[in-house]
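Source file model_18.pdb; content: PDB, C-alpha atoms.
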ATOM      1  CA  MET O   1     115.502  -9.500  70.858
ATOM      2  CA  ASN O   2     117.874 -11.553  72.984
ATOM      3  CA  ASP O   3     120.489 -12.260  70.349
ATOM      4  CA  GLU O   4     122.368  -8.992  70.713
ATOM      5  CA  THR O   5     126.082  -9.141  71.164
ATOM      6  CA  TRP O   6     127.745  -6.492  73.275
ATOM      7  CA  THR O   7     131.188  -5.212  72.404
ATOM      8  CA  THR O   8     133.640  -4.338  75.136
ATOM      9  CA  ALA O   9     133.064  -0.660  74.461
ATOM     10  CA  GLU O  10     129.284  -1.111  74.638
ATOM     11  CA  LYS O  11     129.595  -3.015  77.890
ATOM     12  CA  ALA O  12     131.487  -0.099  79.412
ATOM     13  CA  VAL O  13     128.801   2.372  78.300
ATOM     14  CA  ALA O  14     126.033   0.074  79.532
ATOM     15  CA  ARG O  15     127.621  -0.485  82.925
ATOM     16  CA  ALA O  16     128.227   3.216  83.486
ATOM     17  CA  ALA O  17     124.666   4.130  82.468
ATOM     18  CA  PHE O  18     123.229   1.353  84.640
ATOM     19  CA  ASP O  19     125.215   2.437  87.686
ATOM     20  CA  ALA O  20     124.345   6.082  87.144
ATOM     21  CA  ALA O  21     120.622   5.280  86.934
ATOM     22  CA  TYR O  22     120.805   3.180  90.080
ATOM     23  CA  ASN O  23     122.600   5.950  91.929
ATOM     24  CA  ARG O  24     120.039   8.523  90.787
ATOM     25  CA  GLU O  25     117.106   6.406  91.905
ATOM     26  CA  VAL O  26     118.710   5.511  95.213
ATOM     27  CA  GLU O  27     119.691   9.110  95.931
ATOM     28  CA  ALA O  28     116.119  10.201  95.229
ATOM     29  CA  LEU O  29     114.859   7.502  97.587
ATOM     30  CA  ILE O  30     117.274   8.527 100.343
ATOM     31  CA  GLN O  31     116.161  12.148  99.994
ATOM     32  CA  GLU O  32     112.494  11.129  99.970
ATOM     33  CA  ILE O  33     112.911   9.068 103.151
ATOM     34  CA  ARG O  34     114.904  11.792 104.895
ATOM     35  CA  ASP O  35     112.288  14.404 104.076
ATOM     36  CA  GLY O  36     109.273  12.195 104.693
ATOM     37  CA  ALA O  37     110.394  10.413 107.835
ATOM     38  CA  SER O  38     111.480  13.581 109.576
ATOM     39  CA  THR O  39     107.859  14.705 109.804
ATOM     40  CA  VAL O  40     106.032  11.466 110.715
ATOM     41  CA  LYS O  41     103.600  12.080 113.542
ATOM     42  CA  THR O  42     101.400   9.000 113.755
ATOM     43  CA  VAL O  43     101.829   5.259 113.738
ATOM     44  CA  ASP O  44      99.751   5.059 110.561
ATOM     45  CA  GLU O  45     102.316   7.249 108.849
ATOM     46  CA  ILE O  46     105.060   4.907 110.095
ATOM     47  CA  TRP O  47     103.273   1.898 108.599
ATOM     48  CA  ARG O  48     102.716   3.785 105.335
ATOM     49  CA  LEU O  49     106.445   4.489 105.284
ATOM     50  CA  HIS O  50     107.039   0.778 105.838
ATOM     51  CA  ASP O  51     104.668  -0.160 102.989
ATOM     52  CA  PHE O  52     106.372   2.367 100.731
ATOM     53  CA  LEU O  53     109.821   0.949 101.539
ATOM     54  CA  SER O  54     108.612  -2.623 100.997
ATOM     55  CA  ALA O  55     107.342  -1.709  97.532
ATOM     56  CA  LYS O  56     110.440   0.324  96.639
ATOM     57  CA  ARG O  57     112.803  -2.425  97.729
ATOM     58  CA  HIS O  58     110.917  -5.027  95.717
ATOM     59  CA  ASP O  59     110.856  -2.714  92.700
ATOM     60  CA  ILE O  60     114.551  -1.770  92.847
ATOM     61  CA  ASP O  61     115.711  -5.327  93.556
ATOM     62  CA  GLY O  62     113.813  -6.587  90.541
ATOM     63  CA  LYS O  63     114.551  -3.733  88.168
ATOM     64  CA  TYR O  64     118.338  -3.421  88.364
ATOM     65  CA  ASP O  65     119.127  -6.727  86.710
ATOM     66  CA  TYR O  66     122.469  -6.443  84.902
ATOM     67  CA  ARG O  67     122.355  -9.411  82.544
ATOM     68  CA  TYR O  68     122.969  -8.791  78.857
ATOM     69  CA  PRO O  69     120.007 -10.843  77.546
ATOM     70  CA  VAL O  70     117.588  -8.591  79.455
ATOM     71  CA  LEU O  71     119.493  -5.312  79.422
ATOM     72  CA  ILE O  72     117.518  -3.761  76.549
ATOM     73  CA  PHE O  73     114.334  -4.203  78.601
ATOM     74  CA  VAL O  74     115.986  -2.965  81.780
ATOM     75  CA  PHE O  75     117.219   0.163  80.027
ATOM     76  CA  SER O  76     113.842   0.746  78.347
ATOM     77  CA  LYS O  77     112.147   0.740  81.727
ATOM     78  CA  LEU O  78     114.761   3.033  83.269
ATOM     79  CA  VAL O  79     114.367   5.497  80.386
ATOM     80  CA  ARG O  80     110.576   5.337  80.686
ATOM     81  CA  GLU O  81     110.782   6.059  84.390
ATOM     82  CA  GLY O  82     113.258   8.896  83.898
ATOM     83  CA  TRP O  83     116.221   7.388  85.743
ATOM     84  CA  MET O  84     118.192   7.094  82.494
ATOM     85  CA  GLN O  85     118.390   9.269  79.371
ATOM     86  CA  LEU O  86     119.002   7.912  75.890
ATOM     87  CA  SER O  87     122.014  10.232  75.806
ATOM     88  CA  ASP O  88     123.530   8.189  78.652
ATOM     89  CA  LEU O  89     123.682   5.298  76.175
ATOM     90  CA  GLU O  90     125.674   7.009  73.429
ATOM     91  CA  GLY O  91     128.160   4.456  72.152
ATOM     92  CA  LEU O  92     125.699   1.586  71.893
ATOM     93  CA  ALA O  93     124.929   0.267  68.426
ATOM     94  CA  ALA O  94     122.116   2.087  66.638
ATOM     95  CA  ASP O  95     119.823  -0.956  66.616
ATOM     96  CA  LYS O  96     120.048  -1.237  70.401
ATOM     97  CA  LEU O  97     119.294   2.462  70.846
ATOM     98  CA  THR O  98     116.302   2.183  68.531
ATOM     99  CA  LYS O  99     114.914  -0.783  70.426
ATOM    100  CA  ILE O 100     115.360   1.000  73.757
ATOM    101  CA  HIS O 101     113.760   4.151  72.414
ATOM    102  CA  VAL O 102     110.752   2.269  71.017
ATOM    103  CA  LEU O 103     110.269   0.073  74.085
ATOM    104  CA  SER O 104     110.637   3.003  76.478
ATOM    105  CA  SER O 105     107.633   4.683  74.857
ATOM    106  CA  MET O 106     105.337   1.688  75.293
TER     107      MET O 106
ATOM    108  CA  MET Q   1      95.672 -18.996 134.261
ATOM    109  CA  ASN Q   2      92.891 -18.355 131.772
ATOM    110  CA  ASP Q   3      89.957 -18.586 134.132
ATOM    111  CA  GLU Q   4      90.171 -15.038 135.455
ATOM    112  CA  THR Q   5      87.055 -12.966 135.448
ATOM    113  CA  TRP Q   6      87.377  -9.259 134.910
ATOM    114  CA  THR Q   7      85.054  -6.850 136.652
ATOM    115  CA  THR Q   8      83.870  -3.735 134.886
ATOM    116  CA  ALA Q   9      86.239  -1.662 137.031
ATOM    117  CA  GLU Q  10      89.155  -3.952 136.201
ATOM    118  CA  LYS Q  11      88.356  -3.769 132.510
ATOM    119  CA  ALA Q  12      88.542   0.012 132.648
ATOM    120  CA  VAL Q  13      91.938  -0.122 134.381
ATOM    121  CA  ALA Q  14      93.189  -2.742 131.935
ATOM    122  CA  ARG Q  15      92.059  -0.856 128.865
ATOM    123  CA  ALA Q  16      93.616   2.407 130.033
ATOM    124  CA  ALA Q  17      96.928   0.708 130.901
ATOM    125  CA  PHE Q  18      96.937  -1.165 127.589
ATOM    126  CA  ASP Q  19      96.297   1.999 125.566
ATOM    127  CA  ALA Q  20      98.901   3.955 127.527
ATOM    128  CA  ALA Q  21     101.547   1.285 126.910
ATOM    129  CA  TYR Q  22     100.695   1.176 123.212
ATOM    130  CA  ASN Q  23     100.949   4.953 122.964
ATOM    131  CA  ARG Q  24     104.299   4.962 124.778
ATOM    132  CA  GLU Q  25     105.780   2.326 122.514
ATOM    133  CA  VAL Q  26     104.432   3.943 119.373
ATOM    134  CA  GLU Q  27     105.635   7.394 120.408
ATOM    135  CA  ALA Q  28     109.106   5.965 121.059
ATOM    136  CA  LEU Q  29     109.040   4.334 117.624
ATOM    137  CA  ILE Q  30     107.958   7.554 115.910
ATOM    138  CA  GLN Q  31     110.770   9.443 117.632
ATOM    139  CA  GLU Q  32     113.286   6.740 116.726
ATOM    140  CA  ILE Q  33     112.264   6.820 113.060
ATOM    141  CA  ARG Q  34     112.292  10.612 112.905
ATOM    142  CA  ASP Q  35     115.764  10.757 114.438
ATOM    143  CA  GLY Q  36     117.191   7.793 112.539
ATOM    144  CA  ALA Q  37     115.717   8.441 109.121
ATOM    145  CA  SER Q  38     116.728  12.072 109.038
ATOM    146  CA  THR Q  39     120.385  11.054 108.846
ATOM    147  CA  VAL Q  40     120.298   8.114 106.404
ATOM    148  CA  LYS Q  41     123.018   8.482 103.803
ATOM    149  CA  THR Q  42     123.228   5.134 101.993
ATOM    150  CA  VAL Q  43     120.853   2.652 100.465
ATOM    151  CA  ASP Q  44     122.071   0.022 102.939
ATOM    152  CA  GLU Q  45     120.880   2.266 105.754
ATOM    153  CA  ILE Q  46     117.508   2.566 104.009
ATOM    154  CA  TRP Q  47     117.179  -1.230 103.825
ATOM    155  CA  ARG Q  48     118.216  -1.551 107.470
ATOM    156  CA  LEU Q  49     115.483   0.942 108.325
ATOM    157  CA  HIS Q  50     113.069  -1.205 106.323
ATOM    158  CA  ASP Q  51     114.176  -4.375 108.142
ATOM    159  CA  PHE Q  52     113.795  -2.586 111.469
ATOM    160  CA  LEU Q  53     110.258  -1.421 110.603
ATOM    161  CA  SER Q  54     109.286  -4.906 109.404
ATOM    162  CA  ALA Q  55     110.366  -6.408 112.725
ATOM    163  CA  LYS Q  56     108.747  -3.651 114.808
ATOM    164  CA  ARG Q  57     105.465  -3.919 112.958
ATOM    165  CA  HIS Q  58     105.353  -7.666 113.390
ATOM    166  CA  ASP Q  59     106.235  -7.315 117.081
ATOM    167  CA  ILE Q  60     103.687  -4.587 117.799
ATOM    168  CA  ASP Q  61     100.904  -6.242 115.801
ATOM    169  CA  GLY Q  62     101.392  -9.483 117.723
ATOM    170  CA  LYS Q  63     101.948  -8.017 121.155
ATOM    171  CA  TYR Q  64      99.000  -5.675 121.582
ATOM    172  CA  ASP Q  65      96.357  -8.351 121.745
ATOM    173  CA  TYR Q  66      93.457  -7.121 123.880
ATOM    174  CA  ARG Q  67      91.645 -10.339 124.676
ATOM    175  CA  TYR Q  68      90.929 -11.139 128.320
ATOM    176  CA  PRO Q  69      92.124 -14.773 128.244
ATOM    177  CA  VAL Q  70      95.610 -13.636 127.209
ATOM    178  CA  LEU Q  71      95.750 -10.236 128.896
ATOM    179  CA  ILE Q  72      97.840 -11.403 131.885
ATOM    180  CA  PHE Q  73     100.539 -12.558 129.475
ATOM    181  CA  VAL Q  74     100.280  -9.416 127.368
ATOM    182  CA  PHE Q  75     100.665  -7.222 130.445
ATOM    183  CA  SER Q  76     103.570  -9.324 131.775
ATOM    184  CA  LYS Q  77     105.441  -8.793 128.547
ATOM    185  CA  LEU Q  78     104.710  -5.078 128.480
ATOM    186  CA  VAL Q  79     105.944  -4.707 132.071
ATOM    187  CA  ARG Q  80     109.063  -6.732 131.264
ATOM    188  CA  GLU Q  81     109.790  -4.508 128.285
ATOM    189  CA  GLY Q  82     109.176  -1.343 130.255
ATOM    190  CA  TRP Q  83     106.156  -0.056 128.319
ATOM    191  CA  MET Q  84     103.908  -0.616 131.340
ATOM    192  CA  GLN Q  85     104.470  -0.228 135.085
ATOM    193  CA  LEU Q  86     102.747  -2.376 137.691
ATOM    194  CA  SER Q  87     101.458   0.869 139.143
ATOM    195  CA  ASP Q  88      99.494   1.428 135.915
ATOM    196  CA  LEU Q  89      97.482  -1.641 136.891
ATOM    197  CA  GLU Q  90      96.358  -0.514 140.325
ATOM    198  CA  GLY Q  91      92.744  -1.535 140.676
ATOM    199  CA  LEU Q  92      93.213  -5.073 139.366
ATOM    200  CA  ALA Q  93      92.640  -7.936 141.811
ATOM    201  CA  ALA Q  94      95.713  -8.878 143.860
ATOM    202  CA  ASP Q  95      96.003 -12.332 142.268
ATOM    203  CA  LYS Q  96      96.199 -10.808 138.799
ATOM    204  CA  LEU Q  97      98.863  -8.331 139.897
ATOM    205  CA  THR Q  98     100.891 -11.132 141.494
ATOM    206  CA  LYS Q  99     100.724 -13.224 138.342
ATOM    207  CA  ILE Q 100     101.779 -10.283 136.172
ATOM    208  CA  HIS Q 101     104.599  -9.418 138.544
ATOM    209  CA  VAL Q 102     105.920 -12.994 138.614
ATOM    210  CA  LEU Q 103     105.582 -13.553 134.860
ATOM    211  CA  SER Q 104     107.169 -10.219 134.032
ATOM    212  CA  SER Q 105     110.346 -11.287 135.844
ATOM    213  CA  MET Q 106     110.711 -14.495 133.882
TER     214      MET Q 106
END
Here is the file; what I need is its structure written in the form of structure tokens.
Amino acid sequence: MNDETWTTAEKAVARAAFDAAYNREVEALIQEIRDGASTVKTVDEIWRLHDFLSAKRHDIDGKYDYRYPVLIFVFSKLVREGWMQLSDLEGLAADKLTKIHVLSSM
Amino acid sequence: MNDETWTTAEKAVARAAFDAAYNREVEALIQEIRDGASTVKTVDEIWRLHDFLSAKRHDIDGKYDYRYPVLIFVFSKLVREGWMQLSDLEGLAADKLTKIHVLSSM
């Protein structure tokens, strides 16, 4: 799985898709915090917001790992979670797209 | 410092002042989060909000320690920070009030 080579053209597609997914997830988070935090009424809700942010930060920090040996897995997870579409990856070699498609369904 | 005894009347004053200070600080925090979070625009601002909540939670969890042997110190800190007024503690013995007043200025 880790012996893929990435052409210059594939790297450009991968980087753009990666950045777009990150921006989508982060924008959704910003909107969620803006909407959610504007209505907090109790200290318990504040601590729940804190717990939510702790989990999100850990998740996002770990997930957006742009290293070629792990990129197939990163993309599979992003597709599974809906932050990336397979169509964002047009231009990658067919074997990479197949792997991502299969792994994203697991 | 830790050999104070607390009468039933003093305990009632202390508990009410403690709860009032906690409610003031928590209300201020809720307002700060509502105001601040409603305008976040970037992921860096989200992580700064997270850092701020982590620090506040740690601070509040440690500070509101309702145990009589440490209560003079707890109250001194709350007075120093402005969450409690000495007048909230009317009804405590004069020596306790003096200690709190002196320690709160340090």
Problem - Test item: the ChimeraX specification (/Q :<6) & /O resolved as a PyMOL selection string - result: chain O and resi 34+37-38
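One distance worth recording is that between CA of Leu103 in chain O and CA of Ser76 in chain O, which is 5.6 Å.
You can rank O:Lys96, O:Ala17, O:Gln85, O:Thr8 by their closest distance to Pro69 in chain O using all atoms listed in the file, and at the top of that list sits O:Lys96.
Of the listed residues (Q:Leu86, Q:Ala21, Q:Arg48, Q:Leu71), Q:Leu71 comes nearest to Thr5 in chain Q; the distances count all atoms listed in the file.
The spacing separating CA of Ser104 in chain O from CA of Arg80 in chain O amounts to 4.8 Å.
The residue that comes closest to Tyr22 in chain Q, out of Q:Lys77, Q:Met106, Q:Tyr68, Q:Ile60 and on the basis of only C-alpha atoms, is Q:Ile60.
Going from CA of Tyr64 in chain O over to CA of Phe18 in chain O, you cover 7.8 Å.
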Taking all atoms of range 12-19 of chain Q that the file lists and extending 4 Å past them on each side, where is the centre of the axis-aligned box and how long are its edges? Answer in Å to one decimal, as JSON.
{"center_x": 92.7, "center_y": -0.2, "center_z": 130.0, "size_x": 16.4, "size_y": 13.1, "size_z": 16.8}
